[in-house]
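As C-alpha cells, the structure follows; a few thoughts come after it.
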Amino acid sequence: MVSSQTTIGINPVNRLDLATSRQLMWYKFRRHRLAMTGSIIILLFAIISIFPEFLTPTGPQIRDTKYTSGPPTFVHILDETYTPHLPFIYGRTITRHPVTLRKISRVDVSVRIPVRFLVRGHKYKFLGFFSADLHLFGTDSAQVHLFGTDKLGRDIFTRTIYATRVSISIGVIGVLAAFIIGLAVGGLAGLRGGIVDSVIMRLIELIRSIPSLPLWLGLAAALPREWSALQVYVVVTLILAALGWTTLARRVRSKLLTLRNEDFVQAARLAGCSDTRLVYKHMLPAFMSYLIVDLTVAFPYILLAETTLSFLGLGMREPMVSWGVLLFSAQNVTALAHTPWLLIPGAFIILIVIAFNFFGDGLRDAADPYSN
C-alpha cells in the first residue's frame with residue numbers, strides 16, 4: 001500500500017527545517033572535521049591544566065641531581081632482542097667526555113626499570129586544597145623523564161604539564177577580562193553615539209596605532225623586580241587584557257550601530273526598556289555567535305603575547321612555570337646544541353594555537369547563516 005504522502009507528492013519534513021539556530025550551528029560545526037579535531041585537542045589541554053599533579057611523576061621544582069641535562073628516557077615494551085615486556089625504561093648514567101667535558105648520556109641495557117601506573121610518590125595538594133600522592137605513572141627506583149631534564153635536573157615533562165595550567169589560565173582570564181571591557185566600551189560607543197562614540201573610537205585608534213611588541217615590553221619592563229611571581233602573574237594578565245579589548249569593542253560598536261534602528265529595538269524602547277537591558281537582553285544575543293568566534297581568535301593572541309614576554313625575560317618569572325618561562329632557558333645556541341629537548345614546550349604552544357584557529361574557523365562557519 002502506498003502512503004498518502006507519496007501519493008500526493010509531499011516529501012517528509014526535514015529535521016533541519018524545524019531545528020533551532022543553536023541546533024543548526026551544532027550540525028554545521030560537527031561537519032567541520034578540523035574544528036572537531038581542534039575542539040578535542042582543546043579539551044585535552046583543559047584536562048591537563050586541571051590535573052597536572054596527577055598526570056606527572058614528580059613536582060616541577062624537584063631535581064634529579066644524578067641526571068642533569070639528560071636526554072628523554074623513552075619507555076620501551078620491547079627489549080634489545082625484540083622480546084615483549086611490560087613498560088620499562090633502561091638505566092641511564094651521565095658522564096663527561098674526557099676531552100671536551102661535555103655531558104654524555106649512556107644507556108645501560110642490563111638495567112630495566114619497570115614503569116608502573118597509579119603509583120604513590122611525590123605529595124601534592126590537588127587544586128591547592130586536598131593532599132594526595134597518587135600519580136598516573138612512575139617508577140620505584142628512579143625517575144622517568146619523558147622529555148629529558150634541564151641543567152638543574154628538573155623534569156621537562158612535568159614542568160611542561162604544569163606550565164599548561166599557568167599559560168592557559170592566563171589566556172582564559174585575559175580573554176574574559178578583554179571580553180568584559182570590549183562589551184562595555186563597545187556597547188557604550190554604539191548605543192550612545194555622538195561625542196562619546198568619537199572619543200572611544202579615537203582611543204581605540206591610538207592604542208592600535210602603537211606597535212604591540214614595544215608596548216608589551218615597555219609595560220612589562222616597568223614591573224618591579226622585587227614583586228612575587230603571583231603579583232607578576234596578575235599584572236601581566238591585566239596588561240594583556242587591557243591591550244586586547246580593542247578589536248572586540250569595534251565589533252560590538254559596529255553591530256550595535258546596525259541593530260539600533262531595527263524594529264525589535266524600537267519596540268523595546270517604546271515598551272520602556274532601559275538602555276542596559278536593551279543592549280544585554282535584546283541586541284547582544286542577536287550577534288553573540290560572532291562574539292564567541294572573536295573570543296576563540298583572541299585566545300591565541302593573548303597566549304602568544306604572554307609567551308613572548310616570558311621568553312624575553314619580561315613576563316612570568318621563576319618559580320612560576322609557563323611555556324614562555326620554559327623556552328627562556330633555550331635562548332642561546334649552546335643550550336640548543338647540547339639540550340635540544342628544551343624546545344619541546346614550543347610544540348605545545350604551536351598545537352594549542354592551531355587547535356584554536358581550527359576551532360574558531362568552525363565556529364565562524366557554523367555561525368554564518370549563508371554557509372553550507
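In the C-alpha cells, each chain is lettered A, B, ... as it comes, each chain's residues begin at 1, and ligands are numbered from 1 in order of appearance.
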Every residue of range 129-177 of chain A that DSSP places in helix (DSSP H, G or I), as a PyMOL selection string: chain A and resi 156-177
Just the selected residues (C-alpha atoms), exported as a PDB file, in the first residue's frame, please.
ATOM      1  CA  ILE A 156      60.866  18.875  31.460  1.00  0.00           C
ATOM      2  CA  PHE A 157      57.726  16.773  31.018  1.00  0.00           C
ATOM      3  CA  THR A 158      56.497  17.654  34.489  1.00  0.00           C
ATOM      4  CA  ARG A 159      57.304  21.336  34.077  1.00  0.00           C
ATOM      5  CA  THR A 160      55.600  21.444  30.675  1.00  0.00           C
ATOM      6  CA  ILE A 161      52.418  19.887  32.052  1.00  0.00           C
ATOM      7  CA  TYR A 162      52.379  22.294  34.996  1.00  0.00           C
ATOM      8  CA  ALA A 163      53.055  25.195  32.601  1.00  0.00           C
ATOM      9  CA  THR A 164      49.920  24.245  30.687  1.00  0.00           C
ATOM     10  CA  ARG A 165      47.808  25.294  33.654  1.00  0.00           C
ATOM     11  CA  VAL A 166      49.525  28.672  34.022  1.00  0.00           C
ATOM     12  CA  SER A 167      49.601  29.573  30.327  1.00  0.00           C
ATOM     13  CA  ILE A 168      46.030  28.516  29.626  1.00  0.00           C
ATOM     14  CA  SER A 169      44.740  30.257  32.760  1.00  0.00           C
ATOM     15  CA  ILE A 170      46.433  33.483  31.625  1.00  0.00           C
ATOM     16  CA  GLY A 171      44.762  33.126  28.236  1.00  0.00           C
ATOM     17  CA  VAL A 172      41.329  32.383  29.710  1.00  0.00           C
ATOM     18  CA  ILE A 173      41.426  35.166  32.320  1.00  0.00           C
ATOM     19  CA  GLY A 174      42.885  37.627  29.818  1.00  0.00           C
ATOM     20  CA  VAL A 175      40.239  36.811  27.210  1.00  0.00           C
ATOM     21  CA  LEU A 176      37.390  37.076  29.713  1.00  0.00           C
ATOM     22  CA  ALA A 177      38.668  40.416  31.016  1.00  0.00           C
TER      23      ALA A 177
END
Sel. of strand (DSSP E) residues, range 67-295 of chain A, as an MDAnalysis selection string: chainID A and resid 76:78 84:96 103:114 116:126 130:138
Fewer than 2 positions away in the same chain doesn't count, so skip those; otherwise give me all residues within 9 Å of range 334-340 of chain A, counting only C-alpha atoms, as a short mmCIF file (atom, residue, chain, number, x, y, z; two decimals) with N, CA and C atoms, in the first residue's frame.
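Saved the output as result31.cif:
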data_model
loop_
_atom_site.label_atom_id
_atom_site.label_comp_id
_atom_site.auth_asym_id
_atom_site.auth_seq_id
_atom_site.Cartn_x
_atom_site.Cartn_y
_atom_site.Cartn_z
N SER A 69 70.67 17.77 32.72
CA SER A 69 70.79 17.95 31.26
C SER A 69 70.74 16.62 30.53
N GLY A 70 69.90 15.73 31.03
CA GLY A 70 69.78 14.40 30.45
C GLY A 70 68.74 14.36 29.34
N PRO A 71 68.98 13.57 28.29
CA PRO A 71 68.01 13.44 27.20
C PRO A 71 66.78 12.66 27.64
N ARG A 102 82.00 17.59 27.85
CA ARG A 102 80.56 17.67 27.56
C ARG A 102 79.85 16.48 28.20
N LYS A 103 78.64 16.71 28.71
CA LYS A 103 77.89 15.64 29.35
C LYS A 103 77.36 14.67 28.30
N GLY A 148 63.21 14.55 29.03
CA GLY A 148 64.55 14.90 29.48
C GLY A 148 64.53 15.83 30.67
N THR A 149 65.69 16.35 31.03
CA THR A 149 65.83 17.25 32.17
C THR A 149 66.59 18.50 31.75
N ASP A 150 66.48 19.55 32.58
CA ASP A 150 67.24 20.77 32.32
C ASP A 150 68.57 20.73 33.06
N LYS A 151 69.28 21.83 33.08
CA LYS A 151 70.62 21.84 33.67
C LYS A 151 70.60 21.65 35.18
N SER A 329 64.91 29.30 28.84
CA SER A 329 66.20 28.60 29.04
C SER A 329 66.78 28.07 27.73
N ALA A 330 66.05 28.19 26.62
CA ALA A 330 66.54 27.69 25.33
C ALA A 330 66.86 28.84 24.39
N GLN A 331 67.30 29.97 24.94
CA GLN A 331 67.56 31.15 24.11
C GLN A 331 68.89 31.08 23.37
N ASN A 332 69.93 30.53 24.00
CA ASN A 332 71.26 30.58 23.40
C ASN A 332 71.53 29.34 22.56
N LEU A 342 64.87 21.04 25.19
CA LEU A 342 64.28 22.20 25.88
C LEU A 342 63.25 22.93 25.02
N LEU A 343 63.24 22.66 23.72
CA LEU A 343 62.29 23.29 22.81
C LEU A 343 60.95 22.55 22.76
N ILE A 344 60.82 21.44 23.45
CA ILE A 344 59.58 20.67 23.40
C ILE A 344 58.37 21.49 23.84
#
Distance criterion (only C-alpha atoms): nearest to Leu303 in chain A out of A:Tyr280, A:Tyr290, A:Phe356, A:Phe328: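 Of A:Tyr280, A:Tyr290, A:Phe356, A:Phe328, the one nearest Leu303 in chain A, counting only C-alpha atoms, is A:Phe356.
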Residues of range 316-360 of chain A at most 7 Å from range 20-42 of chain A: nearest atom pair and distance in Å, only C-alpha atoms, as a tab-separated table:
residue	atom	partner	partner_atom	distance
A:Ile352	CA	A:Ile42	CA	6.8
A:Ala355	CA	A:Gly38	CA	4.0
A:Phe356	CA	A:Gly38	CA	6.3
A:Phe358	CA	A:Ala35	CA	4.8
A:Phe359	CA	A:Ala35	CA	4.4
Save out the residues we just selected, C-alpha atoms, as a PDB file, in the first residue's frame.
ATOM      1  CA  ILE A 352      47.140  24.824  21.031  1.00  0.00           C
ATOM      2  CA  ALA A 355      43.680  23.980  17.573  1.00  0.00           C
ATOM      3  CA  PHE A 356      42.095  27.312  18.476  1.00  0.00           C
ATOM      4  CA  PHE A 358      40.609  25.388  13.628  1.00  0.00           C
ATOM      5  CA  PHE A 359      38.027  25.750  16.385  1.00  0.00           C
TER       6      PHE A 359
END
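CA of Thr308 in chain A to CA of Gly324 in chain A spans 6.5 Å [interatomic distance, one decimal].
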Separation of CA of Gly346 in chain A from CA of Leu238 in chain A in Å: 23.7 Å
12 Å contact set for Arg192 in chain A, only C-alpha atoms, chain neighbours under 3 positions out, as a VMD selection string: chain A and resid 184 to 189 195 to 200 253 256 to 257 260 275 to 276 279
Given only C-alpha atoms as the counted atoms, nearest of A:His135, A:Arg317, A:Arg251, A:Arg208 to Arg225 in chain A: A:Arg317
Shell of 8 Å around Ile104 in chain A, only C-alpha atoms, local chain residues under 3 positions omitted, as JSON, numbers by chain: {"A": [94, 95, 96, 97]}
Store the residues picked out above in a file with N, CA and C atoms, as a tab-separated table (two decimals), in the first residue's frame.
chain	number	residue	atom	x	y	z
A	94	ILE	N	74.95	9.69	33.50
A	94	ILE	CA	75.52	10.87	32.86
A	94	ILE	C	77.02	10.89	33.14
A	95	THR	N	77.80	10.90	32.09
A	95	THR	CA	79.26	11.01	32.20
A	95	THR	C	79.73	12.21	31.38
A	96	ARG	N	81.01	12.52	31.49
A	96	ARG	CA	81.58	13.64	30.74
A	96	ARG	C	82.63	13.14	29.76
A	97	HIS	N	82.67	13.80	28.62
A	97	HIS	CA	83.68	13.47	27.62
A	97	HIS	C	85.06	13.80	28.19
Spatial neighbours of His122 in chain A, max dist 10 Å, only C-alpha atoms, sep filter under 3 positions, as a PyMOL selection string: chain A and resi 53-54+56-59+62+119+132-135
Take the residues that were just selected and, keeping N, CA and C atoms, output them as a PDB file, in the first residue's frame.
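This went into out-v6.pdb:
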ATOM      1  N   GLU A  53      49.089  17.634  38.569  1.00  0.00           N
ATOM      2  CA  GLU A  53      49.748  16.908  39.668  1.00  0.00           C
ATOM      3  C   GLU A  53      49.600  15.407  39.502  1.00  0.00           C
ATOM      4  N   PHE A  54      48.417  14.976  39.064  1.00  0.00           N
ATOM      5  CA  PHE A  54      48.168  13.544  38.898  1.00  0.00           C
ATOM      6  C   PHE A  54      48.860  12.985  37.659  1.00  0.00           C
ATOM      7  N   THR A  56      51.678  13.851  36.238  1.00  0.00           N
ATOM      8  CA  THR A  56      53.140  13.904  36.221  1.00  0.00           C
ATOM      9  C   THR A  56      53.727  13.030  37.326  1.00  0.00           C
ATOM     10  N   PRO A  57      54.921  12.488  37.112  1.00  0.00           N
ATOM     11  CA  PRO A  57      55.512  11.597  38.114  1.00  0.00           C
ATOM     12  C   PRO A  57      56.188  12.316  39.270  1.00  0.00           C
ATOM     13  N   THR A  58      56.428  13.612  39.145  1.00  0.00           N
ATOM     14  CA  THR A  58      57.140  14.345  40.195  1.00  0.00           C
ATOM     15  C   THR A  58      56.671  15.793  40.204  1.00  0.00           C
ATOM     16  N   GLY A  59      57.347  16.643  40.966  1.00  0.00           N
ATOM     17  CA  GLY A  59      56.980  18.049  41.039  1.00  0.00           C
ATOM     18  C   GLY A  59      57.817  18.903  40.108  1.00  0.00           C
ATOM     19  N   ILE A  62      61.349  19.700  41.686  1.00  0.00           N
ATOM     20  CA  ILE A  62      62.147  18.586  42.221  1.00  0.00           C
ATOM     21  C   ILE A  62      63.280  18.260  41.252  1.00  0.00           C
ATOM     22  N   VAL A 119      50.740   4.997  40.828  1.00  0.00           N
ATOM     23  CA  VAL A 119      51.728   4.754  41.879  1.00  0.00           C
ATOM     24  C   VAL A 119      51.676   5.894  42.895  1.00  0.00           C
ATOM     25  N   ALA A 132      47.351  14.759  48.412  1.00  0.00           N
ATOM     26  CA  ALA A 132      47.343  13.465  47.729  1.00  0.00           C
ATOM     27  C   ALA A 132      48.765  13.139  47.293  1.00  0.00           C
ATOM     28  N   ASP A 133      48.986  11.870  46.943  1.00  0.00           N
ATOM     29  CA  ASP A 133      50.294  11.440  46.454  1.00  0.00           C
ATOM     30  C   ASP A 133      50.166  10.427  45.321  1.00  0.00           C
ATOM     31  N   LEU A 134      48.982  10.328  44.706  1.00  0.00           N
ATOM     32  CA  LEU A 134      48.748   9.379  43.625  1.00  0.00           C
ATOM     33  C   LEU A 134      49.133  10.012  42.284  1.00  0.00           C
ATOM     34  N   HIS A 135      49.903   9.266  41.484  1.00  0.00           N
ATOM     35  CA  HIS A 135      50.340   9.742  40.173  1.00  0.00           C
ATOM     36  C   HIS A 135      49.956   8.721  39.108  1.00  0.00           C
TER      37      HIS A 135
END
